[in-house]
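Right, one structure below, let's go through it.
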Amino acid sequence: MTAGKYHMNRADREIAGRDELLELLKAGKYTTLALCRGEEPYVVTLSYGYDHERNALYFHTAAKGLKLDFIAANPQACGTVIHDDGYVRDQCMHYFRSIVFRGTMAMVDDPAEKLHAMEVLADHLEADPEKRKAKLRRMDDEAWKGLAVLRLDIAGMDGKKYG
Ligand SMILES: Cc1cc2nc3c(=O)[nH]c(=O)nc-3n(C[C@H](O)[C@H](O)[C@H](O)COP(=O)(O)OP(=O)(O)OC[C@H]3O[C@@H](n4cnc5c(N)ncnc54)[C@H](O)[C@@H]3O)c2cc1C
């Protein structure tokens with residue numbers, strides 16, 4: 001179960017507008033994800049692509065590793081994307097805009113969705129997405145087998161800014 005909406009202590013710093021939240025999510029390139037297996041926490045940083053239609057994030061990764069073990073044990077995840085607007089010297093302040101999102105992770109096995117996910121990632125991250133997409137279309141079955149794709153369906157998102 002993901003936590004529901006919790007009031008923000010400094011409500012004056014909340015980014016309440018969905019458009020602004022999505023703008024930050026689309027501008028971000030990587031997120032630090034919090035996972036949990038029993039009482040054991042794990043954080044891992046991953047590049048992502050945002051799928052607007054699905055309101056989901058896609059990730060690509062090797063087909064095995066600790067984060068996959070955590071996700072298999074518990075698919076609930078929470079992540080943050082930070083836009084660092086700079087430390088203000090001598091004032092003990094750091095300007096930022098950031099997002100915290102929660103959702104459920106799923107392993108994507110369907111080949112068509114895997115390709116779609118990698119195209120979403122290309123659109124999100126690459127300067128020349130079409131070049132990357134052409135490479136994806138040339139990938140053989142063996143290469144696809146070695147590539148795991150994860151989808152995080154976003155259940156909730158908060159934003160906060162300072163400065
Ligand atoms: C900006 C950024 C973008 C990244 N993008 C991707 C991506 O798109 N896809 C991807 O698969 N990986 C990405 N990585 C690497 C990612 O953070 C992990 O290292 C990688 O996914 C392996 O994770 P795992 O849980 O399978 O670790 P494993 O290979 O199973 O290793 C687990 C062990 O290594 C330690 N560990 C794992 N990752 C890190 C780390 N980053 N720093 C220090 N210790 C670590 C863990 O604490 C644990 O002890 C990115 C990293 C950064 C910083």
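Every chain in the structure tokens has a letter given in the order shown (A, B, ...), and although residue numbers restart at 1 in each chain, ligands are simply numbered from 1 in the order shown.
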Contacts to ligand 1 at 7 Å cut-off (only C-alpha atoms and all ligand atoms) as a VMD selection string: chain A and resid 30 44 to 48 59 to 62 64 to 68
Only N, CA, C and O atoms, please: the residues just picked out, written as a PDB file, in the first residue's frame.
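File result_12.pdb, as written:
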```pdb
ATOM      1  N   TYR A  30      16.741  11.704 -14.304  1.00  0.00           N
ATOM      2  CA  TYR A  30      16.895  10.517 -13.457  1.00  0.00           C
ATOM      3  C   TYR A  30      16.204  10.759 -12.131  1.00  0.00           C
ATOM      4  O   TYR A  30      15.929  11.896 -11.740  1.00  0.00           O
ATOM      5  N   VAL A  44      17.974   3.449  -5.113  1.00  0.00           N
ATOM      6  CA  VAL A  44      18.729   3.256  -6.352  1.00  0.00           C
ATOM      7  C   VAL A  44      18.346   4.373  -7.333  1.00  0.00           C
ATOM      8  O   VAL A  44      17.184   4.770  -7.398  1.00  0.00           O
ATOM      9  N   THR A  45      19.357   4.871  -8.017  1.00  0.00           N
ATOM     10  CA  THR A  45      19.124   5.975  -8.959  1.00  0.00           C
ATOM     11  C   THR A  45      19.045   5.421 -10.378  1.00  0.00           C
ATOM     12  O   THR A  45      19.906   4.648 -10.786  1.00  0.00           O
ATOM     13  N   LEU A  46      18.017   5.815 -11.103  1.00  0.00           N
ATOM     14  CA  LEU A  46      17.805   5.307 -12.465  1.00  0.00           C
ATOM     15  C   LEU A  46      17.361   6.428 -13.403  1.00  0.00           C
ATOM     16  O   LEU A  46      16.609   7.330 -12.993  1.00  0.00           O
ATOM     17  N   SER A  47      17.786   6.345 -14.639  1.00  0.00           N
ATOM     18  CA  SER A  47      17.243   7.217 -15.676  1.00  0.00           C
ATOM     19  C   SER A  47      15.802   6.785 -15.948  1.00  0.00           C
ATOM     20  O   SER A  47      15.462   5.621 -15.742  1.00  0.00           O
ATOM     21  N   TYR A  48      14.987   7.711 -16.405  1.00  0.00           N
ATOM     22  CA  TYR A  48      13.595   7.343 -16.668  1.00  0.00           C
ATOM     23  C   TYR A  48      13.064   8.072 -17.891  1.00  0.00           C
ATOM     24  O   TYR A  48      13.628   9.078 -18.341  1.00  0.00           O
ATOM     25  N   PHE A  59      11.646   2.441 -17.015  1.00  0.00           N
ATOM     26  CA  PHE A  59      13.067   2.304 -16.695  1.00  0.00           C
ATOM     27  C   PHE A  59      13.623   1.128 -17.485  1.00  0.00           C
ATOM     28  O   PHE A  59      12.907   0.158 -17.728  1.00  0.00           O
ATOM     29  N   HIS A  60      14.889   1.198 -17.822  1.00  0.00           N
ATOM     30  CA  HIS A  60      15.538   0.023 -18.413  1.00  0.00           C
ATOM     31  C   HIS A  60      16.716  -0.354 -17.538  1.00  0.00           C
ATOM     32  O   HIS A  60      17.354   0.512 -16.915  1.00  0.00           O
ATOM     33  N   THR A  61      16.997  -1.635 -17.501  1.00  0.00           N
ATOM     34  CA  THR A  61      18.039  -2.117 -16.603  1.00  0.00           C
ATOM     35  C   THR A  61      18.512  -3.502 -17.030  1.00  0.00           C
ATOM     36  O   THR A  61      17.887  -4.132 -17.891  1.00  0.00           O
ATOM     37  N   ALA A  62      19.601  -3.946 -16.417  1.00  0.00           N
ATOM     38  CA  ALA A  62      20.027  -5.330 -16.636  1.00  0.00           C
ATOM     39  C   ALA A  62      18.944  -6.262 -16.083  1.00  0.00           C
ATOM     40  O   ALA A  62      18.148  -5.859 -15.231  1.00  0.00           O
ATOM     41  N   LYS A  64      19.052  -8.722 -14.085  1.00  0.00           N
ATOM     42  CA  LYS A  64      19.105  -9.167 -12.692  1.00  0.00           C
ATOM     43  C   LYS A  64      19.854  -8.136 -11.854  1.00  0.00           C
ATOM     44  O   LYS A  64      20.605  -7.320 -12.393  1.00  0.00           O
ATOM     45  N   GLY A  65      19.641  -8.229 -10.543  1.00  0.00           N
ATOM     46  CA  GLY A  65      20.293  -7.279  -9.654  1.00  0.00           C
ATOM     47  C   GLY A  65      19.434  -7.038  -8.423  1.00  0.00           C
ATOM     48  O   GLY A  65      18.284  -7.491  -8.343  1.00  0.00           O
ATOM     49  N   LEU A  66      20.013  -6.321  -7.477  1.00  0.00           N
ATOM     50  CA  LEU A  66      19.353  -6.158  -6.186  1.00  0.00           C
ATOM     51  C   LEU A  66      18.005  -5.447  -6.276  1.00  0.00           C
ATOM     52  O   LEU A  66      17.043  -5.828  -5.613  1.00  0.00           O
ATOM     53  N   LYS A  67      17.924  -4.409  -7.105  1.00  0.00           N
ATOM     54  CA  LYS A  67      16.646  -3.666  -7.157  1.00  0.00           C
ATOM     55  C   LYS A  67      15.508  -4.560  -7.653  1.00  0.00           C
ATOM     56  O   LYS A  67      14.377  -4.444  -7.191  1.00  0.00           O
ATOM     57  N   LEU A  68      15.842  -5.478  -8.587  1.00  0.00           N
ATOM     58  CA  LEU A  68      14.792  -6.380  -9.092  1.00  0.00           C
ATOM     59  C   LEU A  68      14.342  -7.340  -7.990  1.00  0.00           C
ATOM     60  O   LEU A  68      13.155  -7.679  -7.903  1.00  0.00           O
TER      61      LEU A  68
END
```
Shell of 12 Å around Glu20 in chain A, only C-alpha atoms, local chain residues under 3 positions omitted, as a PyMOL selection string: chain A and resi 14-17+23-27+97-99+157-161
Once you count only C-alpha atoms, what closest atom pair and distance in Å to one decimal does each residue of range 44-85 of chain A within 7 Å of range 103-115 of chain A have, with rows by chain and rising residue number, as CSV?
```
residue,atom,partner,partner_atom,distance
A:Ile71,CA,A:Met105,CA,6.9
A:Pro75,CA,A:Met105,CA,4.9
A:Gln76,CA,A:Thr104,CA,4.7
A:Ala77,CA,A:Gly103,CA,5.6
A:Cys78,CA,A:Gly103,CA,6.5
```
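Within 6 Å of Val120 in chain A, once only C-alpha atoms are used and residues closer than 3 positions along the same chain are dropped, the contacting residues are Gly49, Ala117 and Asp123 of chain A.
CA of Cys92 in chain A to CA of His7 in chain A spans 25.1 Å [interatomic distance, one decimal].
Residues lying within 12 Å of Asp69 in chain A, counting only C-alpha atoms and ignoring same-chain neighbours fewer than 6 positions away, are Leu35, Cys36, Arg37, Gly38, Glu40, Tyr42, Ala63, Pro75 and Met107 of chain A.
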DSSP helix (DSSP H, G or I) residues within range 1-134 of chain A, as a PDB file with C-alpha atoms, in the first residue's frame:
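As written to disk, selection20.pdb reads:
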```
ATOM      1  CA  ALA A  11       2.129  24.730   2.309  1.00  0.00           C
ATOM      2  CA  ASP A  12       3.428  28.040   0.897  1.00  0.00           C
ATOM      3  CA  ARG A  13       6.195  26.068  -0.828  1.00  0.00           C
ATOM      4  CA  ARG A  18      -0.389  19.505 -12.152  1.00  0.00           C
ATOM      5  CA  ASP A  19       1.046  21.238 -15.227  1.00  0.00           C
ATOM      6  CA  GLU A  20       4.046  22.489 -13.238  1.00  0.00           C
ATOM      7  CA  LEU A  21       4.559  19.054 -11.671  1.00  0.00           C
ATOM      8  CA  LEU A  22       4.532  17.398 -15.081  1.00  0.00           C
ATOM      9  CA  GLU A  23       6.897  20.011 -16.477  1.00  0.00           C
ATOM     10  CA  LEU A  24       9.396  19.124 -13.728  1.00  0.00           C
ATOM     11  CA  LEU A  25       8.928  15.410 -14.302  1.00  0.00           C
ATOM     12  CA  LYS A  26       9.500  15.842 -18.041  1.00  0.00           C
ATOM     13  CA  ALA A  27      12.574  18.019 -17.499  1.00  0.00           C
ATOM     14  CA  LEU A  66      19.353  -6.158  -6.186  1.00  0.00           C
ATOM     15  CA  LYS A  67      16.646  -3.666  -7.157  1.00  0.00           C
ATOM     16  CA  LEU A  68      14.792  -6.380  -9.092  1.00  0.00           C
ATOM     17  CA  ASP A  69      14.900  -8.619  -6.003  1.00  0.00           C
ATOM     18  CA  PHE A  70      13.440  -5.789  -3.944  1.00  0.00           C
ATOM     19  CA  ILE A  71      10.710  -5.076  -6.503  1.00  0.00           C
ATOM     20  CA  ALA A  72       9.809  -8.772  -6.683  1.00  0.00           C
ATOM     21  CA  ALA A  73       9.417  -8.769  -2.893  1.00  0.00           C
ATOM     22  CA  PRO A 111       7.612  -7.251 -26.390  1.00  0.00           C
ATOM     23  CA  ALA A 112       5.437  -4.477 -27.866  1.00  0.00           C
ATOM     24  CA  GLU A 113       5.319  -2.602 -24.554  1.00  0.00           C
ATOM     25  CA  LYS A 114       9.063  -3.143 -24.070  1.00  0.00           C
ATOM     26  CA  LEU A 115       9.734  -1.459 -27.407  1.00  0.00           C
ATOM     27  CA  HIS A 116       7.252   1.306 -26.543  1.00  0.00           C
ATOM     28  CA  ALA A 117       9.020   1.841 -23.193  1.00  0.00           C
ATOM     29  CA  MET A 118      12.417   2.134 -24.844  1.00  0.00           C
ATOM     30  CA  GLU A 119      10.968   4.639 -27.312  1.00  0.00           C
ATOM     31  CA  VAL A 120       9.535   6.673 -24.414  1.00  0.00           C
ATOM     32  CA  LEU A 121      12.999   6.641 -22.836  1.00  0.00           C
ATOM     33  CA  ALA A 122      14.562   7.732 -26.142  1.00  0.00           C
ATOM     34  CA  ASP A 123      12.084  10.610 -26.500  1.00  0.00           C
ATOM     35  CA  HIS A 124      12.701  11.671 -22.913  1.00  0.00           C
ATOM     36  CA  LEU A 125      16.488  11.398 -22.795  1.00  0.00           C
ATOM     37  CA  PRO A 129      15.537  10.041 -30.402  1.00  0.00           C
ATOM     38  CA  GLU A 130      14.997   8.750 -33.940  1.00  0.00           C
ATOM     39  CA  LYS A 131      18.603   7.552 -34.167  1.00  0.00           C
ATOM     40  CA  ARG A 132      18.155   5.581 -30.935  1.00  0.00           C
ATOM     41  CA  LYS A 133      14.785   4.219 -32.090  1.00  0.00           C
ATOM     42  CA  ALA A 134      16.329   2.941 -35.334  1.00  0.00           C
TER      43      ALA A 134
END
```
Spatial neighbours of Gly156 in chain A, 8 Å, only C-alpha atoms, chain gap at least 4 places, as an MDAnalysis selection string: chainID A and resid 4:5 101:103
Any chance you can output those residues with N, CA and C atoms as an mmCIF file, in the first residue's frame?
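Below you can see out.cif, which holds the result:
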```cif
data_model
loop_
_atom_site.group_PDB
_atom_site.id
_atom_site.type_symbol
_atom_site.label_atom_id
_atom_site.label_comp_id
_atom_site.auth_asym_id
_atom_site.auth_seq_id
_atom_site.Cartn_x
_atom_site.Cartn_y
_atom_site.Cartn_z
ATOM 1 N N GLY A 4 -1.203 7.685 1.469
ATOM 2 C CA GLY A 4 -2.083 8.642 0.804
ATOM 3 C C GLY A 4 -1.487 10.032 0.888
ATOM 4 N N LYS A 5 -2.270 11.007 0.525
ATOM 5 C CA LYS A 5 -1.822 12.403 0.556
ATOM 6 C C LYS A 5 -1.605 12.842 1.998
ATOM 7 N N PHE A 101 7.121 11.176 -5.811
ATOM 8 C CA PHE A 101 5.992 10.412 -6.360
ATOM 9 C C PHE A 101 5.957 9.029 -5.733
ATOM 10 N N ARG A 102 4.793 8.447 -5.763
ATOM 11 C CA ARG A 102 4.597 7.089 -5.249
ATOM 12 C C ARG A 102 3.881 6.272 -6.311
ATOM 13 N N GLY A 103 4.106 4.983 -6.285
ATOM 14 C CA GLY A 103 3.403 4.154 -7.246
ATOM 15 C C GLY A 103 3.792 2.701 -7.132
#
```
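Computed from the coordinates, the CA of Thr80 in chain A to CA of Leu33 in chain A distance equals 6.6 Å.
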Filtered DSSP result for chain A, state strand (DSSP E or B), as a PyMOL selection string: chain A and resi 14+30-37+40-47+49-51+56-62+76-88+93-108+147-162
